[in-house]
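Structure below is final12.tsv: TSV, C-alpha atoms and all ligand atoms.
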chain	number	residue	atom	x	y	z
A	9	MET	CA	-118.92	-2.19	-208.23
A	10	PRO	CA	-117.28	-5.64	-207.94
A	11	SER	CA	-113.70	-5.59	-206.79
A	12	PRO	CA	-111.22	-5.92	-209.66
A	13	LYS	CA	-108.82	-7.62	-207.20
A	14	ALA	CA	-111.24	-10.49	-206.82
A	15	LYS	CA	-112.07	-10.61	-210.51
A	16	ASN	CA	-108.56	-10.62	-211.88
A	17	PRO	CA	-107.29	-14.25	-211.86
A	18	VAL	CA	-103.65	-13.17	-212.28
A	19	ARG	CA	-103.70	-11.53	-208.88
A	20	SER	CA	-104.46	-14.65	-206.95
A	21	GLY	CA	-101.23	-16.32	-208.04
A	22	GLY	CA	-99.44	-16.05	-204.67
A	23	SER	CA	-96.38	-14.14	-205.84
A	24	PRO	CA	-94.78	-11.57	-203.48
A	25	VAL	CA	-96.18	-8.85	-205.66
A	26	LEU	CA	-99.54	-10.21	-206.44
A	27	GLY	CA	-100.24	-12.77	-203.71
A	28	SER	CA	-103.34	-13.17	-201.39
A	29	SER	CA	-106.91	-13.95	-201.96
A	30	ASN	CA	-108.26	-11.10	-199.87
A	31	GLY	CA	-107.19	-8.57	-202.43
A	32	ARG	CA	-104.34	-7.03	-200.45
A	33	TYR	CA	-101.85	-8.49	-202.86
A	34	GLU	CA	-99.43	-5.63	-202.54
A	35	PHE	CA	-97.94	-6.39	-199.16
A	36	MET	CA	-98.99	-9.84	-198.14
A	37	SER	CA	-96.10	-12.13	-199.12
A	38	LEU	CA	-93.02	-10.21	-198.18
A	39	THR	CA	-91.09	-13.27	-197.03
A	40	LYS	CA	-91.76	-15.44	-200.09
A	41	PRO	CA	-89.34	-15.47	-203.05
A	42	LEU	CA	-90.44	-13.83	-206.26
A	43	ASN	CA	-92.66	-15.99	-208.40
A	44	ARG	CA	-91.12	-16.13	-211.86
A	45	SER	CA	-94.56	-16.47	-213.39
A	46	SER	CA	-95.42	-12.90	-212.43
A	47	PRO	CA	-96.06	-10.57	-215.31
A	48	SER	CA	-92.85	-9.17	-216.68
A	49	HIS	CA	-93.78	-5.48	-216.41
A	50	LEU	CA	-94.32	-5.90	-212.69
A	51	LEU	CA	-91.13	-7.88	-212.18
A	52	GLN	CA	-89.24	-5.14	-213.94
A	53	ARG	CA	-90.68	-2.56	-211.61
A	54	GLN	CA	-90.04	-4.56	-208.49
A	55	GLY	CA	-86.51	-5.59	-209.37
A	56	SER	CA	-85.36	-9.19	-209.69
A	57	GLU	CA	-83.98	-9.53	-206.17
A	58	PRO	CA	-86.49	-10.38	-203.40
A	59	ALA	CA	-85.07	-7.88	-200.89
A	60	THR	CA	-85.29	-5.10	-203.43
A	61	ALA	CA	-88.80	-6.12	-204.25
A	62	ARG	CA	-89.71	-5.98	-200.58
A	63	LEU	CA	-88.25	-2.52	-200.13
A	64	ARG	CA	-89.87	-1.16	-203.21
A	65	ALA	CA	-93.20	-2.73	-202.41
A	66	SER	CA	-93.26	-0.76	-199.22
A	67	GLU	CA	-91.77	2.42	-200.51
A	68	SER	CA	-94.40	4.06	-202.70
A	69	PRO	CA	-98.10	3.43	-202.20
A	70	THR	CA	-99.12	5.97	-204.80
A	71	ARG	CA	-96.90	4.50	-207.49
A	72	ARG	CA	-98.20	1.04	-206.78
A	73	ARG	CA	-101.78	2.19	-206.83
A	74	GLY	CA	-101.02	3.78	-210.17
A	75	SER	CA	-99.63	0.51	-211.45
A	76	SER	CA	-102.82	-1.32	-210.48
A	77	SER	CA	-105.02	1.12	-212.32
A	78	SER	CA	-102.76	0.92	-215.36
A	79	THR	CA	-104.04	-2.63	-215.84
A	80	GLY	CA	-107.33	-1.08	-216.80
A	81	SER	CA	-109.06	-1.85	-213.51
A	82	THR	CA	-110.35	0.53	-210.86
A	83	SER	CA	-108.43	-1.09	-208.03
A	84	GLY	CA	-106.69	2.24	-207.31
A	85	GLN	CA	-110.01	3.47	-205.97
A	86	GLY	CA	-110.60	0.17	-204.20
A	87	LEU	CA	-107.49	0.52	-202.01
A	88	SER	CA	-108.56	1.71	-198.63
A	89	GLU	CA	-106.87	3.68	-195.88
A	90	GLU	CA	-106.08	0.31	-194.35
A	91	ASP	CA	-103.75	-0.52	-197.26
A	92	GLY	CA	-101.65	2.48	-196.36
A	93	ILE	CA	-101.59	1.33	-192.75
A	94	ARG	CA	-100.48	-2.14	-193.80
A	95	LEU	CA	-97.80	-0.68	-196.02
A	96	ASN	CA	-96.09	1.44	-193.41
A	97	PRO	CA	-95.36	-1.25	-190.82
A	98	SER	CA	-93.55	-3.36	-193.43
A	99	PHE	CA	-91.43	-0.39	-194.44
A	100	ILE	CA	-90.75	0.49	-190.83
A	101	ARG	CA	-89.86	-3.14	-190.09
A	102	VAL	CA	-87.36	-3.27	-192.96
A	103	ALA	CA	-85.89	0.10	-191.95
A	104	LEU	CA	-85.63	-0.92	-188.30
A	105	SER	CA	-84.02	-4.27	-188.98
A	106	SER	CA	-81.52	-2.62	-191.33
A	107	LEU	CA	-80.73	-0.01	-188.66
A	108	LEU	CA	-80.36	-2.75	-186.07
A	109	ALA	CA	-78.00	-4.73	-188.29
A	110	ILE	CA	-75.86	-1.62	-188.93
A	111	ASP	CA	-75.93	-0.82	-185.22
A	112	LEU	CA	-74.73	-4.30	-184.20
A	113	TRP	CA	-72.07	-4.37	-186.88
A	114	MET	CA	-70.73	-0.90	-186.00
A	115	SER	CA	-70.84	-1.58	-182.26
A	116	LYS	CA	-68.88	-4.80	-182.69
A	117	ARG	CA	-66.28	-3.06	-184.81
A	118	LEU	CA	-65.97	-0.15	-182.37
A	119	GLY	CA	-65.74	-2.39	-179.31
A	120	VAL	CA	-61.96	-2.33	-179.55
A	121	CYS	CA	-61.37	-2.20	-175.77
A	122	ALA	CA	-63.90	-4.85	-174.80
A	123	CYS	CA	-61.15	-6.90	-173.14
A	124	GLU	CA	-57.41	-6.79	-172.63
A	125	ASP	CA	-56.79	-8.97	-175.68
A	126	SER	CA	-58.82	-6.71	-177.97
A	127	SER	CA	-57.03	-4.68	-180.64
A	128	TRP	CA	-56.98	-1.55	-178.42
A	129	GLY	CA	-56.86	-3.53	-175.17
A	130	SER	CA	-54.05	-1.34	-173.80
A	131	VAL	CA	-56.42	1.68	-173.80
A	132	ARG	CA	-58.96	-0.18	-171.65
A	133	PRO	CA	-57.73	1.25	-168.29
A	134	LEU	CA	-58.11	4.79	-169.64
A	135	MET	CA	-61.60	3.99	-170.93
A	136	LYS	CA	-62.50	2.59	-167.52
A	137	LEU	CA	-61.35	5.83	-165.92
A	138	ILE	CA	-63.66	7.76	-168.24
A	139	GLU	CA	-66.38	5.30	-167.30
A	140	ILE	CA	-65.90	6.10	-163.60
A	141	SER	CA	-66.03	9.82	-164.36
A	142	GLY	CA	-69.59	9.30	-165.66
A	143	HIS	CA	-70.71	6.81	-163.02
A	144	GLY	CA	-73.64	7.70	-160.76
A	145	ILE	CA	-71.81	7.28	-157.45
A	146	PRO	CA	-69.07	9.92	-157.92
A	147	TRP	CA	-71.67	12.34	-159.29
A	148	LEU	CA	-74.11	11.78	-156.42
A	149	ALA	CA	-71.37	11.90	-153.79
A	150	GLY	CA	-69.69	14.96	-155.33
A	151	THR	CA	-72.97	16.87	-155.62
A	152	ALA	CA	-74.02	16.01	-152.06
A	153	TYR	CA	-70.60	17.12	-150.81
A	154	CYS	CA	-70.81	20.46	-152.69
A	155	LEU	CA	-74.34	20.98	-151.35
A	156	TYR	CA	-73.10	20.41	-147.83
A	157	LYS	CA	-70.09	22.67	-148.26
A	158	SER	CA	-71.86	25.46	-150.13
A	159	ASP	CA	-72.36	28.57	-148.00
A	160	SER	CA	-74.42	30.59	-150.47
A	161	ALA	CA	-78.14	30.13	-151.05
A	162	ALA	CA	-77.61	30.26	-154.82
A	163	GLY	CA	-74.95	27.53	-154.67
A	164	GLN	CA	-77.17	25.33	-152.52
A	165	GLU	CA	-80.08	25.82	-154.89
A	166	VAL	CA	-78.01	24.76	-157.90
A	167	MET	CA	-76.54	21.74	-156.14
A	168	LEU	CA	-79.88	20.61	-154.80
A	169	ASN	CA	-81.39	20.73	-158.27
A	170	LEU	CA	-78.44	18.84	-159.71
A	171	LEU	CA	-78.94	16.19	-157.04
A	172	MET	CA	-82.61	15.98	-157.93
A	173	GLY	CA	-81.67	15.67	-161.62
A	174	LEU	CA	-79.24	12.83	-160.88
A	175	LEU	CA	-81.87	10.90	-158.92
A	176	LEU	CA	-84.46	11.51	-161.62
A	177	ASP	CA	-81.98	10.24	-164.20
A	178	LEU	CA	-81.42	7.00	-162.27
A	179	VAL	CA	-85.15	6.37	-162.01
A	180	LEU	CA	-85.96	7.18	-165.66
A	181	VAL	CA	-83.08	5.11	-167.04
A	182	ALA	CA	-84.07	2.17	-164.82
A	183	ILE	CA	-87.66	2.37	-166.09
A	184	VAL	CA	-86.64	2.45	-169.77
A	185	LYS	CA	-84.11	-0.36	-169.27
A	186	ALA	CA	-86.70	-2.50	-167.52
A	187	VAL	CA	-89.26	-1.90	-170.28
A	188	VAL	CA	-86.96	-2.35	-173.30
A	189	ARG	CA	-84.77	-5.13	-171.83
A	190	ARG	CA	-82.14	-5.02	-174.53
A	191	ARG	CA	-79.21	-7.25	-173.69
A	192	ARG	CA	-75.72	-5.79	-173.56
A	193	PRO	CA	-73.47	-6.70	-176.51
A	194	ALA	CA	-72.14	-10.25	-176.41
A	195	HIS	CA	-68.54	-9.00	-176.34
A	196	ASN	CA	-69.10	-6.99	-173.13
A	197	ARG	CA	-67.40	-8.15	-169.94
A	198	MET	CA	-69.71	-7.26	-167.06
A	199	ASP	CA	-67.03	-5.91	-164.72
A	200	MET	CA	-68.56	-2.52	-163.86
A	201	PHE	CA	-68.66	-1.50	-160.22
A	202	ALA	CA	-71.83	-0.65	-158.29
A	203	THR	CA	-74.63	-1.55	-160.67
A	204	PHE	CA	-78.35	-2.09	-160.19
A	205	SER	CA	-80.04	-5.24	-161.45
A	206	VAL	CA	-81.51	-3.35	-164.44
A	207	ASP	CA	-77.97	-2.51	-165.49
A	208	ARG	CA	-77.68	-5.91	-167.12
A	209	TYR	CA	-79.71	-4.23	-169.86
A	210	SER	CA	-78.09	-1.81	-172.21
A	211	PHE	CA	-80.79	0.50	-173.63
A	212	PRO	CA	-80.29	3.37	-172.96
A	213	SER	CA	-76.78	4.00	-171.69
A	214	GLY	CA	-77.08	5.50	-168.21
A	215	HIS	CA	-73.63	7.00	-168.56
A	216	ALA	CA	-74.69	8.76	-171.75
A	217	THR	CA	-77.89	10.17	-170.20
A	218	ARG	CA	-75.91	11.42	-167.19
A	219	ALA	CA	-73.14	12.89	-169.34
A	220	ALA	CA	-75.66	14.76	-171.52
A	221	MET	CA	-77.78	15.98	-168.63
A	222	CYS	CA	-74.88	16.99	-166.36
A	223	GLY	CA	-73.00	18.51	-169.31
A	224	ARG	CA	-75.96	20.75	-170.12
A	225	PHE	CA	-76.45	21.50	-166.44
A	226	LEU	CA	-72.84	22.58	-165.93
A	227	LEU	CA	-72.84	24.71	-169.08
A	228	ALA	CA	-76.05	26.44	-168.02
A	229	HIS	CA	-75.37	27.02	-164.33
A	230	LEU	CA	-71.63	27.44	-163.95
A	231	VAL	CA	-69.75	30.42	-165.26
A	232	LEU	CA	-67.04	28.65	-167.22
A	233	ALA	CA	-64.33	30.00	-169.48
A	234	ALA	CA	-64.50	28.87	-173.12
A	235	PRO	CA	-61.77	26.17	-172.79
A	236	LEU	CA	-63.63	24.66	-169.85
A	237	ARG	CA	-66.88	24.65	-171.79
A	238	VAL	CA	-65.13	22.78	-174.58
A	239	LEU	CA	-63.74	20.38	-171.99
A	240	VAL	CA	-67.25	19.65	-170.70
A	241	LEU	CA	-68.44	18.83	-174.22
A	242	LEU	CA	-65.36	16.73	-174.86
A	243	TRP	CA	-65.85	14.82	-171.63
A	244	ALA	CA	-69.51	14.08	-172.43
A	245	SER	CA	-68.57	12.85	-175.90
A	246	LEU	CA	-65.75	10.70	-174.53
A	247	VAL	CA	-68.06	9.12	-171.96
A	248	GLY	CA	-70.39	8.10	-174.82
A	249	LEU	CA	-67.57	6.84	-177.02
A	250	SER	CA	-65.99	4.86	-174.19
A	251	ARG	CA	-69.28	2.97	-173.64
A	252	VAL	CA	-69.10	1.54	-177.16
A	253	MET	CA	-65.31	1.04	-177.12
A	254	LEU	CA	-65.56	-0.90	-173.85
A	255	GLY	CA	-68.23	-3.06	-175.48
A	256	ARG	CA	-70.77	-2.03	-172.83
A	257	HIS	CA	-73.26	-0.65	-175.33
A	258	ASN	CA	-74.39	-0.56	-178.91
A	259	VAL	CA	-74.15	2.75	-180.72
A	260	THR	CA	-77.92	3.30	-180.60
A	261	ASP	CA	-77.97	2.85	-176.79
A	262	VAL	CA	-75.53	5.74	-176.49
A	263	MET	CA	-77.21	7.94	-179.08
A	264	PHE	CA	-80.61	7.47	-177.46
A	265	GLY	CA	-78.97	8.02	-174.05
A	266	PHE	CA	-77.57	11.37	-175.18
A	267	TRP	CA	-80.97	12.42	-176.47
A	268	MET	CA	-82.71	11.25	-173.31
A	269	GLY	CA	-80.21	13.06	-171.07
A	270	TYR	CA	-80.63	16.22	-173.15
A	271	CYS	CA	-84.40	16.05	-172.61
A	272	GLN	CA	-83.99	15.21	-168.92
A	273	TYR	CA	-82.25	18.52	-168.45
A	274	ASN	CA	-85.38	20.25	-169.78
A	275	LEU	CA	-87.36	18.31	-167.19
A	276	VAL	CA	-85.02	19.45	-164.41
A	277	GLU	CA	-85.52	23.05	-165.53
A	278	MET	CA	-89.29	22.56	-165.51
A	279	LEU	CA	-89.26	21.04	-162.03
A	280	TRP	CA	-86.66	23.51	-160.72
A	281	LEU	CA	-86.79	23.82	-156.95
A	282	SER	CA	-86.54	27.50	-156.00
A	283	PRO	CA	-85.55	28.63	-152.46
A	284	GLN	CA	-89.22	29.51	-151.84
A	285	THR	CA	-90.38	26.04	-152.84
A	286	LEU	CA	-87.65	24.57	-150.68
A	287	GLN	CA	-88.62	26.64	-147.68
A	288	GLY	CA	-92.22	25.56	-148.16
A	289	LEU	CA	-91.16	21.89	-148.37
A	290	LEU	CA	-88.88	22.17	-145.34
A	291	GLY	CA	-91.63	24.02	-143.43
A	292	GLN	CA	-94.03	21.15	-144.17
A	293	LEU	CA	-91.46	18.61	-142.98
A	294	ALA	CA	-90.72	20.49	-139.73
A	301	LIG	C1	-75.20	2.67	-158.32
A	301	LIG	C2	-75.51	3.95	-158.99
A	301	LIG	C3	-75.78	5.11	-158.12
A	301	LIG	C4	-75.57	4.08	-160.31
A	301	LIG	C5	-75.35	3.01	-161.29
A	301	LIG	C6	-74.72	3.64	-162.47
A	301	LIG	C7	-74.51	2.65	-163.57
A	301	LIG	C8	-73.55	1.57	-163.39
A	301	LIG	C9	-75.21	2.81	-164.71
A	301	LIG	C10	-75.07	1.93	-165.88
A	301	LIG	O1	-74.62	2.72	-166.91
A	301	LIG	P1	-74.64	2.19	-168.38
A	301	LIG	O2	-76.08	1.96	-168.73
A	301	LIG	O3	-74.03	3.29	-169.20
A	301	LIG	O4	-73.83	0.95	-168.43
What is this file in structure tokens?
Ligand SMILES: CC(C)=CCC/C(C)=C/COP(=O)(O)O
Amino acid sequence: MPSPKAKNPVRSGGSPVLGSSNGRYEFMSLTKPLNRSSPSHLLQRQGSEPATARLRASESPTRRRGSSSSTGSTSGQGLSEEDGIRLNPSFIRVALSSLLAIDLWMSKRLGVCACEDSSWGSVRPLMKLIEISGHGIPWLAGTAYCLYKSDSAAGQEVMLNLLMGLLLDLVLVAIVKAVVRRRRPAHNRMDMFATFSVDRYSFPSGHATRAAMCGRFLLAHLVLAAPLRVLVLLWASLVGLSRVMLGRHNVTDVMFGFWMGYCQYNLVEMLWLSPQTLQGLLGQLA
């Protein structure tokens, strides 16, 4: 059966709704303004504002297929799987760019300690202290010291696995930063101590991954009273918040960092080095 898209002259008019000669008129002209010559029933459905039209065009494939067949044609049947595939990326693109815009706007507004002259500039030293509390060096040094000082096999096992987790975290964060290469916010002052070259990138926040992973680790492996458990959670949250307030990161860098650190803890549990494994490894080394 001949394609109704090709037959119908109205559909080759080039409007955002109807555009394109190859028949995929639904999603082809997302960046063009609405053509006022489009049929009124379609304009009504799409909305008069181009952005709205774009969103709606990508929002409901079934409705739009329905609208095509309501013209008396069989184009609803003619739409292939590919049309659905073309539809989704445009929706995802709109959703992602909206999320990105909200992220940048929120991060800029929350970056109130980005420098001394900022609105909350006086809190900056405190935020920098929280930053140090989540930095890799104190965590690595502290864990290595506890491992060295620990006189019980159980304590050594826990500390060794924490050390392994911290190293794993550094490697995974460096890989993601190097792949994504998202620049730090423009309002950030790069005055952090002891950074790697990948730390000029901001996605994900290494402090957030560490805070989430170590927070979970401490809660799972240390016997802590309830107030201390709350303190651990509070500390992890403050580390994340301070990243945005200092202007080091966008909100999404921190949120993804928390999620990544949470998952990294699962990885540490999976790769857990038991005393037997350790003895085997040490035996191989000796
Ligand atoms: C030198 C060592 C051992 C770790 C570097 C830790 C660091 C500076 C990470 C960057 O964190 P953000 O991504 O949160 O800014």
Let me have all residues with an atom within 8 Å of ligand LIG 301 (chain A), counting all atoms listed in the file, laid out as a list in words. His143, Gly144, Ile145, Leu148, Leu178, Val181, Met200, Phe201, Ala202, Thr203, Phe204, Asp207, Arg208, Tyr209, Ser210, Phe211, Pro212, Ser213, Gly214, His215, Ala216, Thr217, Arg251, Arg256, His257 and Val262 of chain A
Take the selection from the previous step and output its residues with C-alpha atoms, as a PDB file, keeping the file's coordinate frame.
ATOM      1  CA  HIS A 143     -70.710   6.810-163.020  1.00  0.00           C
ATOM      2  CA  GLY A 144     -73.640   7.700-160.760  1.00  0.00           C
ATOM      3  CA  ILE A 145     -71.810   7.280-157.450  1.00  0.00           C
ATOM      4  CA  LEU A 148     -74.110  11.780-156.420  1.00  0.00           C
ATOM      5  CA  LEU A 178     -81.420   7.000-162.270  1.00  0.00           C
ATOM      6  CA  VAL A 181     -83.080   5.110-167.040  1.00  0.00           C
ATOM      7  CA  MET A 200     -68.560  -2.520-163.860  1.00  0.00           C
ATOM      8  CA  PHE A 201     -68.660  -1.500-160.220  1.00  0.00           C
ATOM      9  CA  ALA A 202     -71.830  -0.650-158.290  1.00  0.00           C
ATOM     10  CA  THR A 203     -74.630  -1.550-160.670  1.00  0.00           C
ATOM     11  CA  PHE A 204     -78.350  -2.090-160.190  1.00  0.00           C
ATOM     12  CA  ASP A 207     -77.970  -2.510-165.490  1.00  0.00           C
ATOM     13  CA  ARG A 208     -77.680  -5.910-167.120  1.00  0.00           C
ATOM     14  CA  TYR A 209     -79.710  -4.230-169.860  1.00  0.00           C
ATOM     15  CA  SER A 210     -78.090  -1.810-172.210  1.00  0.00           C
ATOM     16  CA  PHE A 211     -80.790   0.500-173.630  1.00  0.00           C
ATOM     17  CA  PRO A 212     -80.290   3.370-172.960  1.00  0.00           C
ATOM     18  CA  SER A 213     -76.780   4.000-171.690  1.00  0.00           C
ATOM     19  CA  GLY A 214     -77.080   5.500-168.210  1.00  0.00           C
ATOM     20  CA  HIS A 215     -73.630   7.000-168.560  1.00  0.00           C
ATOM     21  CA  ALA A 216     -74.690   8.760-171.750  1.00  0.00           C
ATOM     22  CA  THR A 217     -77.890  10.170-170.200  1.00  0.00           C
ATOM     23  CA  ARG A 251     -69.280   2.970-173.640  1.00  0.00           C
ATOM     24  CA  ARG A 256     -70.770  -2.030-172.830  1.00  0.00           C
ATOM     25  CA  HIS A 257     -73.260  -0.650-175.330  1.00  0.00           C
ATOM     26  CA  VAL A 262     -75.530   5.740-176.490  1.00  0.00           C
TER      27      VAL A 262
END
Distance in Å - CA of Leu171 in chain A versus CA of Ala149 in chain A: 9.3 Å
Where is the centre and how long are the edges: axis-aligned box on range 158-176 of chain A, 3 Å on each side, Å to one decimal, as lines of an AutoDock Vina configuration file:
center_x = -78.2
center_y = 20.7
center_z = -154.8
size_x = 18.6
size_y = 25.7
size_z = 19.6
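Ranking A:Val247, A:Leu281, A:Cys154, A:Leu290 by their shortest atom-to-atom distance to Met135 in chain A, with all atoms listed in the file included, puts A:Val247 first.
Counting from CA of Ser282 in chain A, the distance to CA of Leu170 in chain A is 12.4 Å.
Between CA of Gly269 in chain A and CA of Ala219 in chain A the separation is 7.3 Å.
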Just the residues within 12 Å of range 127-131 of chain A, please, counting only C-alpha atoms, with nothing from its chain fewer than 3 positions along; format it as a VMD selection string. chain A and resid 117 to 124 134 to 138 250 253 to 255
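Restricting the calculation to only C-alpha atoms, the smallest distance between Val166 in chain A and any of A:Tyr153, A:Trp147, A:Trp243, A:Phe225 is found for A:Phe225.
Protein, DNA and RNA residues at most 12 Å from (-88.3, 23.2, -161.6), with only C-alpha atoms, are these: Glu165, Val166, Leu168, Asn169, Leu170, Met172, Gly173, Gln272, Tyr273, Asn274, Leu275, Val276, Glu277, Met278, Leu279, Trp280, Leu281, Ser282, Pro283, Gln284, Thr285 and Leu286 of chain A.
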